[in-house]
Amino acid sequence: MKCIKCGSELTSEMFACGMCFSCGCSISESEEAFKIEQAQLKAEADLALQQQKEEQARKSQEEQRMYAERFKSHMLTTGFSFEGYRIAEYLGIVTGETVMGTGYFSDIGASISDLFGAEASEYSEKLRSAKQAVLKIMIKNSTDLGGNAIIGISYELMTFSGNMMGVSVTGTSVKVNKYSDNT
């Protein structure tokens with residue numbers, strides 16, 4: 001810490017005497033000035049941190065909006081072409097995976113459904129939501145590569161020990177262009 005009047009570095013001996021040896025200024029004045037300066041620096045750091053958090057939140061919202069927009073317009077097929085479009089570029093294989101537990105109550109409901117030969121709606125709903133989740137992951141991966149479509153989509157279902165099931169989806173990310181009226 002420095003003296004508020006002369007700017008000299010305050011030593012432990014000066015603190016013990018309570019004054020700056022260079023100019024005779026009271027250390028308490030320098031301590032108070034130091035506390036004020038530290039409080040100002042902390043306030044500035046807190047403000048900068050808050051601004052950084054707000055900027056990150058804004059970027060995250062913008063990224064989510066961008067992905068939502070791309071998700072809506074992303075073309076998908078289990079086939080290998082789109083009617084009226086040509087594949088301009090193959091970008092690579094994209095995937096999406098998830099593993100989820102079926103849950104105790106789902107297992108009970110499914111067991112009852114099995115007993116009566118009815119649809120296990122608990123499992124069906126979990127499977128639908130898992131397929132949507134992996135599809136979103138795959139589309140995000142495709143858009144990250146610059147793709148606007150995915151061809152050759154294929155799902156794979158897996159069961160693991162316990163009550164765990166896995167869903168995987170694979171496809172090829174491509175850029176497609178609409179054929180013009182002249183072609």
# chains A, B, ... in the order shown; residues from 1 in each chain; ligands from 1

call {"tool": "select_by_dssp", "arguments": {"residues": "chain A", "states": "alpha helix (DSSP H)", "output": "ChimeraX atom specification"}}
result
/A:12-17,27-73,104-116,121-145

call {"tool": "closest_residue", "arguments": {"among": "A:Val176, A:Tyr155, A:Ile4, A:Ser168", "to": "Glu32 of chain A", "atoms": "only C-alpha atoms"}}
result
A:Ile4

call {"tool": "atom_distance", "arguments": {"atom1": "atom CA of Tyr85 of chain A", "atom2": "atom CA of Ile151 of chain A"}}
result
12.2 Å

call {"tool": "select_by_dssp", "arguments": {"residues": "chain A", "states": "strand (DSSP E)", "output": "ChimeraX atom specification"}}
result
/A:75-76,85-101,149-160,164-178
